[in-house]
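J.: Have a look at the structure that comes next, please.
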Amino acid sequence: QRKSKITASRKLLLKSLMLAKAKEAWEQDQVDKQGEKERYLAERIAPLRTSGLSFSQLQDLCRELHEKVEIVDEERYDIEAKCIHNTREIKNLKLKVLDLRGKFKRPPLRRVRVSADAMLRALLGSKHKVSMDLRANLKSVKKEDTEKERPVEVGDWRKNVEAMSGMEGRKKMFDAAKSP
């Protein structure tokens with residue numbers, strides 16, 4: 001078995017240090033997000049000044065704020081609905097992909113013979129006018145009858161086995177190999 005180069009206690013120490021560092025980074029990230037949110041709101045929304053306003057002016061201000069809140073809520077609801085719809089659609093498409101993967105069978109491939117002319121026609125299209133006859137370029141070779149030169153001896157195989165068994169048979173094979 002392979003021995004690890006780091007001991008178990010060292011691994012545990014490193015793991016705890018990594019978790020502590022990650023926790024610090026996460027807390028710092030949360031603080032940064034909160035500060036960014038406050039800066040954004042300070043830029044976009046002016047602070048409310050309610051001091052010195054009459055009752056009717058305060059009512060008008062409340063109505064304006066309610067209208068803005070309603071608009072923002074409508075936009076938030078629309079975005080949530082779109083997000084839920086997209087999530088459902090993604091889930092359905094993933095299921096369809098899984099179904100197709102499971103049911104798909106690769107068809108058995110057939111060997112297709114294509115001549116050189118047909119291949120060039122497919123590649124070059126109508127521009128191809130030269131015909132390639134590959135067999136015409138081959139040399140013609142006469143087939144010699146090698147079987148007629150070597151007569152084949154057909155005999156009883158049991159006699160051959162008995163004759164070749166033991167040291168005498170090996171000597172016969174050695175002698176036969178010497179004299180062709």
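Here, A, B, ... name the chains of the structure tokens in the order displayed, residue numbers run from 1 inside each chain, and ligands are numbered from 1 in the same displayed order.
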Where does DSSP see helix (DSSP H, G or I) in segment 12-115 of chain A, if you list the residues as number ranges by chain?
T.: A: 12-44, 55-103
J.: Just the number, please: distance in Å from atom CA of Asp60 of chain A to atom CA of Ile45 of chain A, one decimal.
T.: 17.5 Å
